[in-house]
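Shown below: model.csv, with CSV, C-alpha atoms and all ligand atoms.
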```csv
chain,number,residue,atom,x,y,z
A,880,VAL,CA,17.4,43.2,-7.9
A,881,ALA,CA,14.2,45.0,-8.6
A,882,ARG,CA,11.5,44.0,-6.3
A,883,GLN,CA,8.1,43.3,-7.7
A,884,PRO,CA,5.5,45.8,-6.6
A,885,VAL,CA,3.1,44.5,-4.0
A,886,GLN,CA,0.0,43.7,-6.0
A,887,LYS,CA,-3.4,44.8,-4.9
A,888,GLY,CA,-5.7,41.9,-4.2
A,889,TRP,CA,-3.0,39.9,-2.5
A,890,ASP,CA,-4.9,39.7,0.7
A,891,LEU,CA,-7.9,38.3,-1.1
A,892,PHE,CA,-6.1,35.1,-1.6
A,893,ALA,CA,-5.5,33.2,1.5
A,894,ASN,CA,-3.4,30.6,-0.3
A,895,PRO,CA,-1.5,32.1,-3.2
A,896,VAL,CA,-0.3,29.5,-5.6
A,897,PRO,CA,2.4,29.9,-8.3
A,898,GLY,CA,1.6,30.0,-12.0
A,899,ASN,CA,2.9,26.5,-12.5
A,900,VAL,CA,2.8,24.4,-9.4
A,901,PHE,CA,4.6,21.5,-11.0
A,902,ALA,CA,7.5,23.6,-12.1
A,903,CYS,CA,7.7,25.1,-8.6
A,904,LEU,CA,7.7,21.7,-7.0
A,905,GLN,CA,10.7,20.8,-9.1
A,906,GLU,CA,12.4,24.0,-8.3
A,907,LEU,CA,11.8,23.3,-4.6
A,908,GLY,CA,13.4,19.8,-5.0
A,909,VAL,CA,10.3,17.8,-4.3
A,910,GLU,CA,10.2,14.4,-6.0
A,911,THR,CA,7.0,14.4,-8.1
A,912,ILE,CA,5.8,11.2,-9.7
A,913,ARG,CA,2.6,11.6,-11.5
A,914,GLN,CA,-0.5,13.8,-11.9
A,915,ASN,CA,-4.1,12.5,-11.6
A,916,ASP,CA,-6.4,15.2,-12.7
A,917,ASP,CA,-5.5,18.1,-10.4
A,918,GLU,CA,-3.6,16.1,-7.9
A,919,ILE,CA,0.2,15.9,-8.3
A,920,LEU,CA,1.5,12.9,-6.5
A,921,GLY,CA,5.0,12.7,-5.0
A,922,ARG,CA,7.2,11.6,-2.1
A,923,CYS,CA,6.4,13.4,1.1
A,924,PRO,CA,9.2,15.8,1.8
A,925,ALA,CA,8.5,15.9,5.5
A,926,HIS,CA,8.1,12.2,6.0
A,927,PHE,CA,11.6,11.3,7.2
A,928,GLU,CA,11.6,14.2,9.6
A,929,ARG,CA,8.1,13.2,11.0
A,930,THR,CA,8.3,9.4,11.0
A,931,GLY,CA,11.9,8.4,10.8
A,932,LYS,CA,11.1,6.6,7.5
A,933,GLN,CA,11.3,7.6,3.9
A,934,ASP,CA,7.9,7.8,2.1
A,935,ARG,CA,8.5,4.5,0.3
A,936,HIS,CA,5.0,4.1,-1.0
A,937,PRO,CA,4.3,7.8,-1.9
A,938,SER,CA,1.4,9.1,0.1
A,939,TRP,CA,1.6,12.8,-0.5
A,940,SER,CA,-0.2,15.0,-3.0
A,941,VAL,CA,-0.4,18.6,-4.0
A,942,ASN,CA,-3.4,20.1,-5.7
A,943,ALA,CA,-2.2,21.8,-8.9
A,944,GLU,CA,-4.9,24.4,-8.8
A,945,THR,CA,-5.0,25.4,-5.1
A,946,GLY,CA,-1.5,24.4,-4.1
A,947,MET,CA,-2.9,22.7,-0.9
A,948,HIS,CA,-0.9,19.6,0.0
A,949,ASN,CA,-1.4,16.7,2.2
A,950,CYS,CA,0.4,13.5,3.3
A,951,PHE,CA,-2.2,10.7,4.1
A,952,SER,CA,0.4,8.8,6.0
A,953,CYS,CA,2.2,11.3,8.3
A,954,GLY,CA,-0.3,14.2,8.3
A,955,PHE,CA,2.1,16.8,6.8
A,956,SER,CA,-0.2,19.3,5.1
A,957,GLY,CA,-1.0,22.9,4.5
A,958,THR,CA,-0.9,25.7,2.0
A,959,PHE,CA,1.6,26.1,-0.9
A,960,VAL,CA,3.3,28.9,0.9
A,961,GLU,CA,3.8,26.7,3.9
A,962,LEU,CA,5.2,24.0,1.7
A,963,ALA,CA,7.6,26.5,0.1
A,964,ALA,CA,8.6,27.7,3.6
A,965,PHE,CA,9.4,24.1,4.6
A,966,MET,CA,11.5,23.4,1.6
A,967,LEU,CA,13.4,26.8,1.3
A,968,PRO,CA,16.4,27.8,3.3
A,969,LYS,CA,15.3,29.3,6.7
A,970,ASP,CA,16.2,32.8,5.7
A,971,GLU,CA,14.3,32.9,2.5
A,972,ASP,CA,10.9,34.6,2.4
A,973,ALA,CA,8.4,32.0,1.2
A,974,VAL,CA,5.6,34.5,0.4
A,975,ALA,CA,8.0,36.5,-1.8
A,976,TRP,CA,9.3,33.3,-3.4
A,977,VAL,CA,5.8,32.3,-4.4
A,978,ARG,CA,4.8,35.8,-5.5
A,979,GLN,CA,7.9,36.0,-7.8
A,980,ARG,CA,6.6,32.9,-9.6
A,981,GLY,CA,3.3,34.5,-10.4
A,982,GLY,CA,1.3,33.5,-7.3
A,983,VAL,CA,-1.1,36.3,-7.1
A,984,GLU,CA,-1.6,36.7,-10.8
A,985,ARG,CA,-2.5,33.0,-11.2
A,986,ALA,CA,-5.1,33.2,-8.6
A,987,LYS,CA,-6.8,36.0,-10.5
A,988,ARG,CA,-6.8,34.2,-13.9
A,989,ILE,CA,-8.7,31.4,-15.4
A,990,LEU,CA,-6.3,28.6,-15.1
A,991,ASP,CA,-7.0,26.2,-18.0
A,992,LYS,CA,-4.1,27.1,-20.3
A,993,HIS,CA,-1.6,26.9,-17.4
A,994,ARG,CA,-3.0,23.5,-16.4
A,995,SER,CA,-2.7,22.1,-19.9
A,996,ALA,CA,0.8,23.3,-20.1
A,997,SER,CA,1.8,21.6,-16.9
A,998,ILE,CA,0.0,18.3,-17.6
A,999,THR,CA,2.1,17.7,-20.7
A,1000,GLU,CA,5.2,17.6,-18.6
A,1001,ILE,CA,3.9,14.8,-16.5
A,1002,ASP,CA,3.3,11.1,-17.0
A,1003,THR,CA,-0.4,10.5,-16.8
A,1004,SER,CA,-0.3,6.9,-18.1
A,1005,GLU,CA,-2.1,4.1,-16.4
A,1006,VAL,CA,1.1,2.2,-15.7
A,1007,ILE,CA,1.2,0.8,-12.2
A,1008,ASN,CA,3.9,2.4,-10.0
A,1009,GLU,CA,4.2,3.4,-6.4
A,1010,ALA,CA,2.2,6.5,-7.0
A,1011,SER,CA,-0.8,4.3,-7.9
A,1012,LEU,CA,-1.0,3.7,-4.1
A,1013,ALA,CA,-0.7,7.4,-3.2
A,1014,LEU,CA,-4.4,8.1,-2.6
A,1015,PHE,CA,-5.0,5.1,-0.4
A,1016,THR,CA,-4.8,5.5,3.4
A,1017,ASP,CA,-4.2,3.4,6.5
A,1018,PRO,CA,-7.3,1.2,7.1
A,1019,PRO,CA,-9.8,2.7,9.5
A,1020,GLU,CA,-10.2,1.4,13.1
A,1021,TRP,CA,-13.6,-0.3,12.4
A,1022,ALA,CA,-12.3,-2.2,9.4
A,1023,MET,CA,-9.3,-3.5,11.3
A,1024,GLU,CA,-11.4,-4.4,14.3
A,1025,GLU,CA,-13.8,-6.4,12.2
A,1026,ARG,CA,-10.9,-8.6,11.1
A,1027,GLY,CA,-8.8,-8.5,14.2
A,1028,LEU,CA,-5.9,-6.7,12.6
A,1029,THR,CA,-3.5,-4.2,14.1
A,1030,LEU,CA,-2.3,-1.0,12.3
A,1031,GLU,CA,1.3,-2.1,12.9
A,1032,ALA,CA,0.6,-5.4,11.0
A,1033,CYS,CA,-1.2,-3.6,8.1
A,1034,ARG,CA,1.8,-1.2,7.8
A,1035,HIS,CA,4.3,-4.0,8.0
A,1036,PHE,CA,2.8,-5.6,4.9
A,1037,GLY,CA,1.9,-2.4,3.2
A,1038,VAL,CA,-1.9,-3.1,3.3
A,1039,LEU,CA,-3.9,0.0,2.6
A,1040,TRP,CA,-7.5,1.2,2.3
A,1041,ASP,CA,-9.5,2.9,-0.4
A,1042,PRO,CA,-11.7,5.4,1.5
A,1043,LYS,CA,-13.8,6.1,-1.7
A,1044,LYS,CA,-14.8,2.4,-2.1
A,1045,ASP,CA,-14.5,1.3,1.5
A,1046,SER,CA,-12.2,-1.4,0.4
A,1047,TRP,CA,-9.0,-3.1,1.4
A,1048,ILE,CA,-6.0,-2.5,-0.9
A,1049,ILE,CA,-3.5,-5.4,-1.0
A,1050,PRO,CA,-0.4,-4.6,-2.9
A,1051,ILE,CA,1.3,-7.4,-4.9
A,1052,ARG,CA,5.0,-7.2,-5.3
A,1053,GLU,CA,7.7,-9.1,-7.1
A,1054,PRO,CA,9.8,-11.3,-4.8
A,1055,TYR,CA,13.3,-10.0,-4.0
A,1056,SER,CA,13.0,-6.7,-6.0
A,1057,ASP,CA,9.8,-5.6,-4.2
A,1058,ARG,CA,8.6,-4.0,-7.4
A,1059,LEU,CA,4.9,-3.3,-7.3
A,1060,LEU,CA,3.0,-5.5,-9.8
A,1061,GLY,CA,-0.4,-4.3,-8.9
A,1062,TYR,CA,-2.9,-4.6,-6.2
A,1063,GLN,CA,-6.2,-6.2,-5.1
A,1064,ILE,CA,-9.3,-4.3,-4.1
A,1065,LYS,CA,-11.4,-6.2,-1.7
A,1066,ASN,CA,-14.5,-5.8,0.4
A,1067,LYS,CA,-17.4,-8.0,1.3
A,1068,ARG,CA,-19.2,-7.6,-2.0
A,1069,TYR,CA,-16.4,-7.0,-4.3
A,1070,PHE,CA,-13.0,-8.2,-5.5
A,1071,ARG,CA,-10.8,-7.0,-8.3
A,1072,ASN,CA,-7.2,-7.2,-9.5
A,1073,VAL,CA,-5.5,-4.0,-10.8
A,1074,PRO,CA,-4.3,-4.4,-13.5
A,1075,LYS,CA,-6.8,-7.0,-14.5
A,1076,ASP,CA,-4.2,-9.3,-16.1
A,1077,MET,CA,-1.7,-9.1,-13.3
A,1078,GLU,CA,0.6,-12.2,-13.1
A,1079,LYS,CA,0.6,-13.1,-9.4
A,1080,SER,CA,1.5,-16.8,-9.5
A,1081,GLY,CA,5.1,-15.8,-9.3
A,1082,SER,CA,4.7,-13.8,-6.1
A,1083,LEU,CA,3.9,-14.8,-2.6
A,1084,PHE,CA,2.3,-12.2,-0.3
A,1085,GLY,CA,4.5,-11.8,2.8
A,1086,PHE,CA,7.6,-13.2,1.1
A,1087,ASN,CA,9.7,-10.1,1.3
A,1088,GLU,CA,8.6,-9.5,4.9
A,1089,HIS,CA,9.2,-13.0,6.0
A,1090,GLU,CA,11.2,-13.7,9.2
A,1091,GLY,CA,12.0,-16.9,11.1
A,1092,ASP,CA,12.3,-20.6,10.1
A,1093,VAL,CA,8.6,-21.5,9.9
A,1094,VAL,CA,6.5,-20.7,6.9
A,1095,ILE,CA,2.7,-20.7,7.2
A,1096,LEU,CA,1.1,-21.0,3.8
A,1097,VAL,CA,-2.4,-19.5,3.6
A,1098,GLU,CA,-4.7,-18.5,0.8
A,1099,SER,CA,-5.7,-15.0,1.6
A,1100,PRO,CA,-3.2,-12.1,2.2
A,1101,LEU,CA,-5.4,-10.6,5.0
A,1102,ASP,CA,-5.0,-13.9,6.9
A,1103,VAL,CA,-1.2,-13.3,6.9
A,1104,VAL,CA,-1.9,-9.9,8.4
A,1105,ARG,CA,-4.3,-11.4,10.9
A,1106,LEU,CA,-1.6,-14.0,12.0
A,1107,TYR,CA,1.0,-11.3,12.4
A,1108,SER,CA,-1.5,-9.2,14.4
A,1109,ILE,CA,-1.8,-11.9,17.0
A,1110,GLY,CA,1.9,-12.5,17.2
A,1111,ILE,CA,2.3,-15.4,14.7
A,1112,LYS,CA,5.0,-14.6,12.2
A,1113,GLY,CA,5.9,-16.5,9.1
A,1114,GLY,CA,2.7,-16.2,7.1
A,1115,VAL,CA,2.7,-16.1,3.3
A,1116,ALA,CA,-0.3,-16.2,1.0
A,1117,ALA,CA,-0.7,-17.6,-2.5
A,1118,TYR,CA,-3.6,-15.3,-3.4
A,1119,GLY,CA,-6.0,-18.3,-3.5
A,1120,VAL,CA,-6.2,-22.0,-3.4
A,1121,ARG,CA,-4.2,-22.6,-6.5
A,1122,VAL,CA,-0.6,-22.6,-5.3
A,1123,SER,CA,1.8,-22.5,-8.3
A,1124,ALA,CA,5.0,-24.6,-8.5
A,1125,LYS,CA,6.9,-21.3,-8.3
A,1126,GLN,CA,5.1,-20.3,-5.2
A,1127,MET,CA,5.8,-23.7,-3.6
A,1128,ARG,CA,9.5,-23.4,-4.5
A,1129,MET,CA,9.7,-19.9,-2.9
A,1130,ALA,CA,7.9,-21.2,0.3
A,1131,ILE,CA,10.1,-24.3,0.6
A,1132,ASP,CA,13.3,-22.2,0.1
A,1133,LEU,CA,12.3,-20.0,3.0
A,1134,ALA,CA,11.2,-22.7,5.3
A,1135,ASP,CA,12.7,-25.2,7.8
A,1136,VAL,CA,9.2,-26.2,8.6
A,1137,LEU,CA,6.3,-25.5,6.2
A,1138,ILE,CA,2.8,-25.3,7.7
A,1139,VAL,CA,0.2,-25.7,5.0
A,1140,ALA,CA,-2.8,-23.7,6.2
A,1141,LEU,CA,-5.2,-23.6,3.2
A,1142,ASP,CA,-8.9,-23.1,3.8
A,1143,ASN,CA,-11.1,-25.6,5.6
A,1144,ASP,CA,-13.2,-26.5,2.5
A,1145,LYS,CA,-13.2,-29.1,-0.2
A,1146,ASP,CA,-10.9,-27.1,-2.5
A,1147,GLY,CA,-8.5,-26.4,0.3
A,1148,ARG,CA,-8.3,-30.0,1.4
A,1149,TYR,CA,-7.9,-31.2,-2.2
A,1150,ALA,CA,-5.0,-28.7,-2.8
A,1151,SER,CA,-3.4,-29.7,0.6
A,1152,ALA,CA,-3.4,-33.4,-0.4
A,1153,ASP,CA,-1.8,-32.5,-3.7
A,1154,ILE,CA,0.9,-30.5,-1.9
A,1155,LYS,CA,1.6,-33.4,0.4
A,1156,THR,CA,2.0,-35.8,-2.5
A,1157,ARG,CA,4.2,-33.6,-4.5
A,1158,TYR,CA,6.4,-31.9,-1.9
A,1159,SER,CA,6.6,-33.7,1.3
A,1160,GLY,CA,10.0,-35.2,0.4
A,1161,GLN,CA,11.5,-31.7,0.0
A,1162,VAL,CA,10.7,-30.0,3.3
A,1163,ARG,CA,9.4,-30.8,6.8
A,1164,MET,CA,5.8,-30.2,6.3
A,1165,ARG,CA,2.8,-29.9,8.7
A,1166,PHE,CA,-0.9,-29.3,8.0
A,1167,LEU,CA,-3.1,-26.9,10.0
A,1168,SER,CA,-5.5,-28.6,12.4
A,1169,TYR,CA,-9.1,-27.5,12.3
A,1170,THR,CA,-10.4,-30.2,14.6
A,1171,HIS,CA,-10.6,-28.0,17.7
A,1172,CYS,CA,-12.8,-25.4,16.1
A,1173,ASP,CA,-16.4,-25.6,14.8
A,1174,ASP,CA,-17.0,-24.6,11.3
A,1175,VAL,CA,-14.3,-22.0,10.7
A,1176,LYS,CA,-13.5,-21.4,7.0
A,1177,ASP,CA,-9.9,-20.4,7.4
A,1178,VAL,CA,-7.2,-19.5,10.0
A,1179,GLY,CA,-8.3,-15.8,9.7
A,1180,ALA,CA,-11.7,-16.6,11.1
A,1181,MET,CA,-10.3,-18.3,14.2
A,1182,SER,CA,-10.1,-16.6,17.6
A,1183,GLU,CA,-6.6,-15.7,18.7
A,1184,GLU,CA,-6.5,-18.8,21.0
A,1185,GLU,CA,-7.8,-21.1,18.3
A,1186,ALA,CA,-5.3,-19.9,15.8
A,1187,HIS,CA,-2.4,-20.5,18.2
A,1188,ILE,CA,-3.7,-24.0,18.9
A,1189,ALA,CA,-4.1,-24.6,15.2
A,1190,ILE,CA,-0.5,-23.7,14.5
A,1191,ASP,CA,1.0,-25.4,17.6
A,1192,SER,CA,-0.9,-28.7,16.9
A,1193,ALA,CA,-0.4,-28.7,13.1
A,1194,VAL,CA,-0.2,-32.3,12.0
A,1195,PRO,CA,3.0,-33.8,10.5
A,1196,SER,CA,2.7,-34.8,6.9
A,1197,VAL,CA,3.0,-38.6,7.7
A,1198,LEU,CA,0.0,-38.5,10.0
A,1199,VAL,CA,-2.4,-36.2,8.2
A,1200,LYS,CA,-5.6,-37.5,6.5
A,1201,PHE,CA,-7.7,-35.5,4.2
A,1301,ZN,ZN,4.5,12.2,5.0
```
If you convert what's in this file into structure tokens, what do you get?
Amino acid sequence: VARQPVQKGWDLFANPVPGNVFACLQELGVETIRQNDDEILGRCPAHFERTGKQDRHPSWSVNAETGMHNCFSCGFSGTFVELAAFMLPKDEDAVAWVRQRGGVERAKRILDKHRSASITEIDTSEVINEASLALFTDPPEWAMEERGLTLEACRHFGVLWDPKKDSWIIPIREPYSDRLLGYQIKNKRYFRNVPKDMEKSGSLFGFNEHEGDVVILVESPLDVVRLYSIGIKGGVAAYGVRVSAKQMRMAIDLADVLIVALDNDKDGRYASADIKTRYSGQVRMRFLSYTHCDDVKDVGAMSEEEAHIAIDSAVPSVLVKF
């Protein structure tokens, strides 16, 4: 095999990238999913080795221009040559491998025509899939602290953070299949569903993660995460005060005891009374008690102690008054 001559200028480029990063990723056996501008999103190839788990919600991206790669979730990152070295058999020279694929030349050229060639091979549609979540991160300490959430609980429910908008990202998944339907973006000033017309009345946040015999039905997904953070399992959220018949069916099917824990306001009480009328014959039902706390709007706003008391002293359906 004729070796390519060492090209002058090699040392000028600290991070040589191949002529077509996307094609090289395929050749290396990396699972790519989608390209957003210059970022190619894919499943982190080092994730299992580093965390013991597959990169189920892809968190890894490679820059198509620079070849730099990074996993937001496990921290696997570096140059394209380092990535190639990780993926190739131990005895293969990664620098030579990249060089054979046009690494140095590409760094010398204007890259536009290469880029347009590689983009056509990639799905750049706006369809929601796991890669839609790839650029979101674990929530920062301060945001979790503000709501009394633990990182473990956020990860358990797949709750993420958009660092560009300083917002919570709450994935919405189909029951049973776990297919991603979309997500909610939420901060103090701002709330949005993506896609806008997402049909969420057929899913219950926390359904696929549910364990135990008790189901605690709340309005807001982050309250489910809050409960889990303080050791109270079984929370599910209806994404609001309007609990659909399908959501009620799902909750009842999961539960030996259903604790209705909608918000402490007029709408919440009205919806709770309605649930009592329609469903109390179908499942043992209790209603969250707010009597021991002053003026809290929902279970997520309670102190840890208050929340435990509220759950433990939930009122049986026959005794509750609204
Ligand atoms: Zn990773």
Would you give me, as a tab-separated table, each residue of chain A having an atom within 12 Å of an atom of ligand ZN 1301 (chain A), along with its shortest atom pair and that distance in Å to one decimal, using only C-alpha atoms and all ligand atoms and sorting by chain and residue number?
```
residue	atom	partner	partner_atom	distance
A:Leu920	CA	A:ZN1301	ZN	11.9
A:Gly921	CA	A:ZN1301	ZN	10.0
A:Arg922	CA	A:ZN1301	ZN	7.6
A:Cys923	CA	A:ZN1301	ZN	4.5
A:Pro924	CA	A:ZN1301	ZN	6.7
A:Ala925	CA	A:ZN1301	ZN	5.5
A:His926	CA	A:ZN1301	ZN	3.7
A:Phe927	CA	A:ZN1301	ZN	7.5
A:Glu928	CA	A:ZN1301	ZN	8.7
A:Arg929	CA	A:ZN1301	ZN	7.1
A:Thr930	CA	A:ZN1301	ZN	7.6
A:Gly931	CA	A:ZN1301	ZN	10.1
A:Lys932	CA	A:ZN1301	ZN	9.0
A:Gln933	CA	A:ZN1301	ZN	8.3
A:Asp934	CA	A:ZN1301	ZN	6.3
A:Arg935	CA	A:ZN1301	ZN	9.9
A:His936	CA	A:ZN1301	ZN	10.1
A:Pro937	CA	A:ZN1301	ZN	8.2
A:Ser938	CA	A:ZN1301	ZN	6.6
A:Trp939	CA	A:ZN1301	ZN	6.2
A:Ser940	CA	A:ZN1301	ZN	9.7
A:His948	CA	A:ZN1301	ZN	10.4
A:Asn949	CA	A:ZN1301	ZN	7.9
A:Cys950	CA	A:ZN1301	ZN	4.6
A:Phe951	CA	A:ZN1301	ZN	6.9
A:Ser952	CA	A:ZN1301	ZN	5.4
A:Cys953	CA	A:ZN1301	ZN	4.1
A:Gly954	CA	A:ZN1301	ZN	6.2
A:Phe955	CA	A:ZN1301	ZN	5.5
A:Ser956	CA	A:ZN1301	ZN	8.5
A:Ala1013	CA	A:ZN1301	ZN	10.8
A:Thr1016	CA	A:ZN1301	ZN	11.6
```
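The shortest atom-to-atom distance to Leu1083 (chain A), with all atoms listed in the file taken into account, belongs to A:Ala1116 out of A:Leu1096, A:Val1103, A:Leu907, A:Ala1116.
Interatomic distance, CA of Ser1151 (chain A) against CA of Gln1126 (chain A): 13.9 Å.
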To one decimal place in Å, what is the distance between CA of Ile1111 (chain A) and CA of Arg1071 (chain A)? 27.8 Å
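Summary of the local environment: counting only C-alpha atoms, residues at most 10 Å from Val1199 (chain A), other than itself and those fewer than 2 positions away along its chain, are Ala1152, Lys1155, Arg1165, Phe1166, Leu1167, Ser1168, Ala1193, Val1194, Pro1195, Ser1196, Val1197 and Phe1201 of chain A.
Of the listed residues A:Ala1022, A:Leu1012, A:Gly1110, A:Asp1132, the one whose atoms come nearest to Gln1161 (chain A) is A:Asp1132, with distances taken using all atoms listed in the file.
Atom pair CA of Ala973 (chain A) / CA of Asp917 (chain A): separated by 22.8 Å.
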Tell me which protein, DNA and RNA residues are within 12 Å of region 1185-1191 of chain A, counting all atoms listed in the file, leaving out same-chain ones fewer than 3 positions away, and put them as an MDAnalysis selection string. chainID A and resid 1093:1097 1102:1103 1105:1114 1136:1140 1143 1165:1173 1175 1177:1182 1194:1195
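Shortest separation to Glu910 (chain A) among A:Lys1044, A:Ala1010, A:Tyr1055, A:Glu1184 occurs at residue A:Ala1010, atoms counted being only C-alpha atoms.
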Using all atoms listed in the file, which of A:Asp970, A:Asp1017, A:Asp1153, A:Glu1024 sits nearest Asp1041 (chain A)? A:Asp1017
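Each of A:Glu1009, A:Glu971, A:Glu961, A:Glu1183 was checked against Arg1052 (chain A) using all atoms listed in the file; the smallest atom-to-atom distance is that of A:Glu1009.
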Hey, what's within 12 Å of Ile1007 (chain A) if we count only C-alpha atoms and toss same-chain stuff fewer than 3 positions away? As a compact mmCIF listing (two decimals) with C-alpha atoms, in the frame of the given file, please?
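Result file is result30.txt:
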```txt
# COMPACT_ATOMS: atom_id res chain seq x y z
CA ILE A 912 5.80 11.20 -9.70
CA ARG A 913 2.60 11.60 -11.50
CA ASP A 1002 3.30 11.10 -17.00
CA THR A 1003 -0.40 10.50 -16.80
CA SER A 1004 -0.30 6.90 -18.10
CA ALA A 1010 2.20 6.50 -7.00
CA SER A 1011 -0.80 4.30 -7.90
CA LEU A 1012 -1.00 3.70 -4.10
CA ALA A 1013 -0.70 7.40 -3.20
CA PRO A 1050 -0.40 -4.60 -2.90
CA ILE A 1051 1.30 -7.40 -4.90
CA ARG A 1052 5.00 -7.20 -5.30
CA ARG A 1058 8.60 -4.00 -7.40
CA LEU A 1059 4.90 -3.30 -7.30
CA LEU A 1060 3.00 -5.50 -9.80
CA GLY A 1061 -0.40 -4.30 -8.90
CA TYR A 1062 -2.90 -4.60 -6.20
CA ASN A 1072 -7.20 -7.20 -9.50
CA VAL A 1073 -5.50 -4.00 -10.80
CA PRO A 1074 -4.30 -4.40 -13.50
CA LYS A 1075 -6.80 -7.00 -14.50
CA MET A 1077 -1.70 -9.10 -13.30
```
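The nearest approach to Leu904 (chain A) among the residues A:Pro968, A:Leu1198, A:Arg980, A:Met1023, with only C-alpha atoms taken into account, belongs to A:Arg980.
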Distance cut-off 8 Å, centre (1.8, 29.2, -4.0) in file coordinates, counting all atoms listed in the file: which residues qualify? Return them as a PyMOL selection string. chain A and resi 894-897+900+945-946+958-960+963+974+977-978+982
